[in-house]
Amino acid sequence: MLLLTIETSCDETAAAVVRDGRTVLSNIVASQVKDHAVYGGVVPEIASRMHLEAIPAVIGEALAGASVSLDAIEGIAVTRGPGLAGALLVGTSVAKAMAFARQLPLVGVNHIEGHLSAIFLEREVAFPFIALVVSGGHTHLYRVDSIGRYVTLGQTLDDAAGEAFDKVAKLLGLSYPGGVQVDRLAADGDPERIKFPRPLLHDGSFNFSFSGLKTAVLNFVHKNRVSDDDQLLRDLCASFQRAACDVLVTKTFQAAETAGIERIVVAGGVACNSALRREMAQAAAARGVELAIPSPSLCSDNAAMLAVPGDYYLSRGISDDNSLDARVNWPLDEIKRAEISNG
């Protein structure tokens, strides 16, 4: 099946053409970073307007990049949620219009489902596995038994990890997007210089909390002249990053050990972080656990990742009609489609 996929959940307008849910023929992403940088974060109204302006060209570029015409497309998958309401409506409206006009099957895909499925565009991972999905808006641990069958093991109780990275960067006066700047500065810093807390590290749950860590950074900045000491700034970034990664790594491997599963997938935008990738790899090697992390281009928001679950559902006759609506909040374990496919 040759799928056209569309992603507009936040501030990237993306479209891709993927064959059989595995072979990426094109994967186009139009970033809005420059448009939101002046505000230090994503402005929903601006994001929606930028999606409206960009989406025709992005879809056209995806088709051209795959060297196919719209006549060759056999199905459409679109991000239904979770995400920003206005942004989601742009993508779902365009997808529904195209599917109706071309009489093509359509399926709405959960954004998080796309992230944890992205690894299948590069390699196969046997089920079941433990998935850590970590981004600006999400920090969740799942048991994944198959596409469409997910159990939430833990989640953040406050800030998502990526949100904490961006907020720390903002209070340090770093440019947007802040998580990238923290990672860059941390590379030349001492992660042991500042002893930041590891919230919920040993509470026995698989939940996360990053607001206390963020507050600890804020208190340190108020008591120290970080802006006047370039090395202190680098050490602070490294120490904060080490604390956040320690929690993410420890909780993930605890979940895998408790479940008796020796396969872990890490996905989402924060999975681009160099320290997290390195520390996950070290922990996996020490424990003899299989670790899979997609390439950075497939960790950040993109449309190709939607093709994995999209193809799975459509090839089994599971689709949505023109009443498909956007869902700002859509817990992953509410998905029940796999029960239909296996029934």
# chains A, B, ... in the order shown; residues from 1 in each chain; ligands from 1
call {"tool": "residues_around", "arguments": {"residues": "region 82-88 of chain A", "least_positions_apart": "6", "cutoff": "9 Å", "atoms": "only C-alpha atoms", "output": "PyMOL selection string"}}
result
chain A and resi 7-11+44-45+47-52+110-112+137+326-331
call {"tool": "residues_around", "arguments": {"residues": "region 279-287 of chain A", "least_positions_apart": "6", "cutoff": "12 Å", "atoms": "only C-alpha atoms", "output": "list in words"}}
result
Leu132, Gln241, Arg242, Ala243, Ala244, Cys245, Asp246, Val247, Leu248, Val249, Thr250, Lys251, Thr252, Phe253, Gln254, Ala256, Glu257, Ile261, Glu262, Arg263, Ile264, Val265, Val266, Ala267, Ala271, Cys272, Asn273 and Ile293 of chain A
call {"tool": "residues_around", "arguments": {"residues": "Lys195 (chain A)", "least_positions_apart": "2", "cutoff": "12 Å", "atoms": "only C-alpha atoms", "output": "list in words"}}
result
Asp190, Pro191, Glu192, Arg193, Pro197, Arg198, Leu213, Ala216, Val217, Phe220, Asp235, Leu236, Cys237, Ala238, Ser239, Phe240, Gln241, Arg242, Ala243 and Ala244 of chain A
call {"tool": "select_by_dssp", "arguments": {"residues": "region 139-237 of chain A", "states": "helix (DSSP H, G or I)", "output": "number ranges by chain"}}
result
A: 161-171, 178-186, 211-223, 226-228, 230-237
call {"tool": "write_last_selection", "arguments": {"atoms": "C-alpha atoms", "output": "PDB file, in the first residue's frame"}}
result
ATOM      1  CA  ALA A 161      10.963  16.155  30.182  1.00  0.00           C
ATOM      2  CA  GLY A 162      11.228  18.223  27.005  1.00  0.00           C
ATOM      3  CA  GLU A 163       9.169  20.970  28.601  1.00  0.00           C
ATOM      4  CA  ALA A 164      11.564  21.015  31.554  1.00  0.00           C
ATOM      5  CA  PHE A 165      14.558  21.270  29.213  1.00  0.00           C
ATOM      6  CA  ASP A 166      12.974  24.211  27.384  1.00  0.00           C
ATOM      7  CA  LYS A 167      11.938  25.998  30.580  1.00  0.00           C
ATOM      8  CA  VAL A 168      15.413  25.626  32.084  1.00  0.00           C
ATOM      9  CA  ALA A 169      16.927  26.949  28.874  1.00  0.00           C
ATOM     10  CA  LYS A 170      14.581  29.939  28.940  1.00  0.00           C
ATOM     11  CA  LEU A 171      15.471  30.895  32.518  1.00  0.00           C
ATOM     12  CA  GLY A 178      16.153  25.447  24.380  1.00  0.00           C
ATOM     13  CA  GLY A 179      16.622  21.701  24.737  1.00  0.00           C
ATOM     14  CA  VAL A 180      19.082  21.671  21.863  1.00  0.00           C
ATOM     15  CA  GLN A 181      21.091  24.499  23.447  1.00  0.00           C
ATOM     16  CA  VAL A 182      21.241  22.738  26.828  1.00  0.00           C
ATOM     17  CA  ASP A 183      22.557  19.594  25.155  1.00  0.00           C
ATOM     18  CA  ARG A 184      25.182  21.593  23.232  1.00  0.00           C
ATOM     19  CA  LEU A 185      26.476  23.445  26.303  1.00  0.00           C
ATOM     20  CA  ALA A 186      26.398  20.315  28.467  1.00  0.00           C
ATOM     21  CA  SER A 211       8.909  20.409  38.159  1.00  0.00           C
ATOM     22  CA  GLY A 212      11.038  20.013  41.305  1.00  0.00           C
ATOM     23  CA  LEU A 213      14.195  19.608  39.236  1.00  0.00           C
ATOM     24  CA  LYS A 214      13.294  22.709  37.256  1.00  0.00           C
ATOM     25  CA  THR A 215      12.711  24.645  40.509  1.00  0.00           C
ATOM     26  CA  ALA A 216      16.079  23.489  41.854  1.00  0.00           C
ATOM     27  CA  VAL A 217      17.754  24.956  38.782  1.00  0.00           C
ATOM     28  CA  LEU A 218      15.817  28.197  39.250  1.00  0.00           C
ATOM     29  CA  ASN A 219      16.929  28.456  42.894  1.00  0.00           C
ATOM     30  CA  PHE A 220      20.552  27.819  41.923  1.00  0.00           C
ATOM     31  CA  VAL A 221      20.406  30.555  39.281  1.00  0.00           C
ATOM     32  CA  HIS A 222      18.977  33.022  41.813  1.00  0.00           C
ATOM     33  CA  LYS A 223      21.867  32.312  44.218  1.00  0.00           C
ATOM     34  CA  VAL A 226      25.553  31.968  36.172  1.00  0.00           C
ATOM     35  CA  SER A 227      25.400  34.517  33.361  1.00  0.00           C
ATOM     36  CA  ASP A 228      28.821  35.872  34.373  1.00  0.00           C
ATOM     37  CA  ASP A 230      30.562  30.614  31.067  1.00  0.00           C
ATOM     38  CA  GLN A 231      31.964  27.417  32.598  1.00  0.00           C
ATOM     39  CA  LEU A 232      29.404  27.470  35.401  1.00  0.00           C
ATOM     40  CA  LEU A 233      26.673  27.734  32.760  1.00  0.00           C
ATOM     41  CA  ARG A 234      28.046  24.684  30.969  1.00  0.00           C
ATOM     42  CA  ASP A 235      28.368  22.764  34.238  1.00  0.00           C
ATOM     43  CA  LEU A 236      24.821  23.686  35.209  1.00  0.00           C
ATOM     44  CA  CYS A 237      23.487  22.417  31.864  1.00  0.00           C
TER      45      CYS A 237
END
call {"tool": "residues_around", "arguments": {"residues": "Ile55 (chain A)", "least_positions_apart": "2", "cutoff": "10 Å", "atoms": "only C-alpha atoms", "output": "list in words"}}
result
Ile6, Glu7, Thr8, Glu12, Thr13, Ala14, Ala15, Val29, Ala30, Met50, His51, Leu52, Glu53, Ala57, Val58, Ile59, Gly60, Glu61, Val90, Gly91 and Val94 of chain A
call {"tool": "write_last_selection", "arguments": {"atoms": "N, CA and C atoms", "output": "PDB file, in the first residue's frame"}}
result
ATOM      1  N   ILE A   6       0.129  12.725   6.887  1.00  0.00           N
ATOM      2  CA  ILE A   6       0.111  14.161   7.183  1.00  0.00           C
ATOM      3  C   ILE A   6       0.186  14.365   8.690  1.00  0.00           C
ATOM      4  N   GLU A   7       1.104  15.221   9.135  1.00  0.00           N
ATOM      5  CA  GLU A   7       1.311  15.510  10.557  1.00  0.00           C
ATOM      6  C   GLU A   7       1.301  17.020  10.796  1.00  0.00           C
ATOM      7  N   THR A   8       0.373  17.486  11.671  1.00  0.00           N
ATOM      8  CA  THR A   8       0.304  18.908  12.043  1.00  0.00           C
ATOM      9  C   THR A   8      -0.085  19.053  13.502  1.00  0.00           C
ATOM     10  N   GLU A  12       5.293  21.671  13.423  1.00  0.00           N
ATOM     11  CA  GLU A  12       5.908  21.204  12.186  1.00  0.00           C
ATOM     12  C   GLU A  12       4.801  20.776  11.224  1.00  0.00           C
ATOM     13  N   THR A  13       4.881  21.296   9.997  1.00  0.00           N
ATOM     14  CA  THR A  13       3.957  20.851   8.957  1.00  0.00           C
ATOM     15  C   THR A  13       4.691  19.774   8.175  1.00  0.00           C
ATOM     16  N   ALA A  14       4.165  18.551   8.208  1.00  0.00           N
ATOM     17  CA  ALA A  14       4.908  17.438   7.625  1.00  0.00           C
ATOM     18  C   ALA A  14       4.016  16.554   6.770  1.00  0.00           C
ATOM     19  N   ALA A  15       4.609  16.000   5.732  1.00  0.00           N
ATOM     20  CA  ALA A  15       3.922  15.031   4.869  1.00  0.00           C
ATOM     21  C   ALA A  15       4.965  14.042   4.369  1.00  0.00           C
ATOM     22  N   VAL A  29       9.426  17.969   6.106  1.00  0.00           N
ATOM     23  CA  VAL A  29       9.048  18.690   7.319  1.00  0.00           C
ATOM     24  C   VAL A  29       9.336  20.173   7.126  1.00  0.00           C
ATOM     25  N   ALA A  30       8.301  20.998   7.290  1.00  0.00           N
ATOM     26  CA  ALA A  30       8.466  22.455   7.257  1.00  0.00           C
ATOM     27  C   ALA A  30       8.430  22.947   8.694  1.00  0.00           C
ATOM     28  N   MET A  50       0.331  29.073  10.206  1.00  0.00           N
ATOM     29  CA  MET A  50       1.484  28.630   9.427  1.00  0.00           C
ATOM     30  C   MET A  50       1.213  27.286   8.760  1.00  0.00           C
ATOM     31  N   HIS A  51       0.491  26.400   9.456  1.00  0.00           N
ATOM     32  CA  HIS A  51       0.100  25.121   8.846  1.00  0.00           C
ATOM     33  C   HIS A  51      -0.760  25.359   7.604  1.00  0.00           C
ATOM     34  N   LEU A  52      -1.722  26.274   7.715  1.00  0.00           N
ATOM     35  CA  LEU A  52      -2.603  26.572   6.582  1.00  0.00           C
ATOM     36  C   LEU A  52      -1.803  27.044   5.372  1.00  0.00           C
ATOM     37  N   GLU A  53      -0.790  27.863   5.633  1.00  0.00           N
ATOM     38  CA  GLU A  53       0.024  28.391   4.541  1.00  0.00           C
ATOM     39  C   GLU A  53       0.930  27.331   3.935  1.00  0.00           C
ATOM     40  N   ALA A  57       2.037  23.135  -0.145  1.00  0.00           N
ATOM     41  CA  ALA A  57       3.377  22.974  -0.706  1.00  0.00           C
ATOM     42  C   ALA A  57       4.083  21.759  -0.125  1.00  0.00           C
ATOM     43  N   VAL A  58       3.894  21.499   1.158  1.00  0.00           N
ATOM     44  CA  VAL A  58       4.553  20.354   1.800  1.00  0.00           C
ATOM     45  C   VAL A  58       4.043  19.041   1.206  1.00  0.00           C
ATOM     46  N   ILE A  59       2.738  18.933   1.006  1.00  0.00           N
ATOM     47  CA  ILE A  59       2.184  17.725   0.394  1.00  0.00           C
ATOM     48  C   ILE A  59       2.691  17.587  -1.039  1.00  0.00           C
ATOM     49  N   GLY A  60       2.718  18.682  -1.770  1.00  0.00           N
ATOM     50  CA  GLY A  60       3.230  18.636  -3.138  1.00  0.00           C
ATOM     51  C   GLY A  60       4.680  18.212  -3.191  1.00  0.00           C
ATOM     52  N   GLU A  61       5.477  18.701  -2.238  1.00  0.00           N
ATOM     53  CA  GLU A  61       6.897  18.333  -2.200  1.00  0.00           C
ATOM     54  C   GLU A  61       7.074  16.865  -1.837  1.00  0.00           C
ATOM     55  N   VAL A  90      -6.182  21.582  11.012  1.00  0.00           N
ATOM     56  CA  VAL A  90      -5.664  21.827   9.666  1.00  0.00           C
ATOM     57  C   VAL A  90      -5.344  20.509   8.982  1.00  0.00           C
ATOM     58  N   GLY A  91      -4.587  19.654   9.664  1.00  0.00           N
ATOM     59  CA  GLY A  91      -4.200  18.381   9.066  1.00  0.00           C
ATOM     60  C   GLY A  91      -5.370  17.464   8.816  1.00  0.00           C
ATOM     61  N   VAL A  94      -7.624  18.736   5.867  1.00  0.00           N
ATOM     62  CA  VAL A  94      -7.022  18.502   4.557  1.00  0.00           C
ATOM     63  C   VAL A  94      -7.070  17.014   4.211  1.00  0.00           C
TER      64      VAL A  94
END
call {"tool": "select_by_dssp", "arguments": {"residues": "region 37-220 of chain A", "states": "strand (DSSP E or B)", "output": "PyMOL selection string"}}
result
chain A and resi 75-81+106-110+129-134+139-146+149-156+208
call {"tool": "residues_around", "arguments": {"residues": "Ala160 (chain A)", "least_positions_apart": "3", "cutoff": "9 Å", "atoms": "only C-alpha atoms", "output": "list in words"}}
result
Val134, Ser135, Gly136, Gly137, His138, Thr139, His140, Gln155, Thr156, Leu157, Glu163, Ala164, Phe165, Phe208, Ser209, Phe210 and Ser211 of chain A
call {"tool": "residues_around", "arguments": {"residues": "region 114-129 of chain A", "least_positions_apart": "6", "cutoff": "10 Å", "atoms": "only C-alpha atoms", "output": "PyMOL selection string"}}
result
chain A and resi 7+18+21-24+79+135+142-147+149-150+256+259-269+290-295+298-310
call {"tool": "atom_distance", "arguments": {"atom1": "CA of Glu113 (chain A)", "atom2": "CA of Leu332 (chain A)"}}
result
6.9 Å
call {"tool": "atom_distance", "arguments": {"atom1": "CA of Ala97 (chain A)", "atom2": "CA of Val17 (chain A)"}}
result
17.6 Å
call {"tool": "closest_residue", "arguments": {"among": "A:Leu324, A:Ala72, A:Leu63, A:Leu201", "to": "Lys96 (chain A)", "atoms": "only C-alpha atoms"}}
result
A:Leu324
call {"tool": "decode", "arguments": {"residues": "region 197-215 of chain A", "atoms": "C-alpha atoms", "output": "mmCIF file, in the first residue's frame"}}
result
data_model
loop_
_atom_site.group_PDB
_atom_site.id
_atom_site.type_symbol
_atom_site.label_atom_id
_atom_site.label_comp_id
_atom_site.auth_asym_id
_atom_site.auth_seq_id
_atom_site.Cartn_x
_atom_site.Cartn_y
_atom_site.Cartn_z
ATOM 1 C CA PRO A 197 17.545 16.232 42.829
ATOM 2 C CA ARG A 198 16.238 13.146 41.014
ATOM 3 C CA PRO A 199 12.473 13.362 41.724
ATOM 4 C CA LEU A 200 10.595 10.072 42.257
ATOM 5 C CA LEU A 201 13.741 8.097 41.439
ATOM 6 C CA HIS A 202 13.164 5.510 44.161
ATOM 7 C CA ASP A 203 9.431 5.839 44.865
ATOM 8 C CA GLY A 204 8.612 2.408 43.448
ATOM 9 C CA SER A 205 6.431 3.750 40.632
ATOM 10 C CA PHE A 206 7.149 4.297 36.948
ATOM 11 C CA ASN A 207 5.911 7.892 37.081
ATOM 12 C CA PHE A 208 8.030 10.981 36.504
ATOM 13 C CA SER A 209 8.189 14.495 37.914
ATOM 14 C CA PHE A 210 10.378 17.266 36.572
ATOM 15 C CA SER A 211 8.909 20.409 38.159
ATOM 16 C CA GLY A 212 11.038 20.013 41.305
ATOM 17 C CA LEU A 213 14.195 19.608 39.236
ATOM 18 C CA LYS A 214 13.294 22.709 37.256
ATOM 19 C CA THR A 215 12.711 24.645 40.509
#
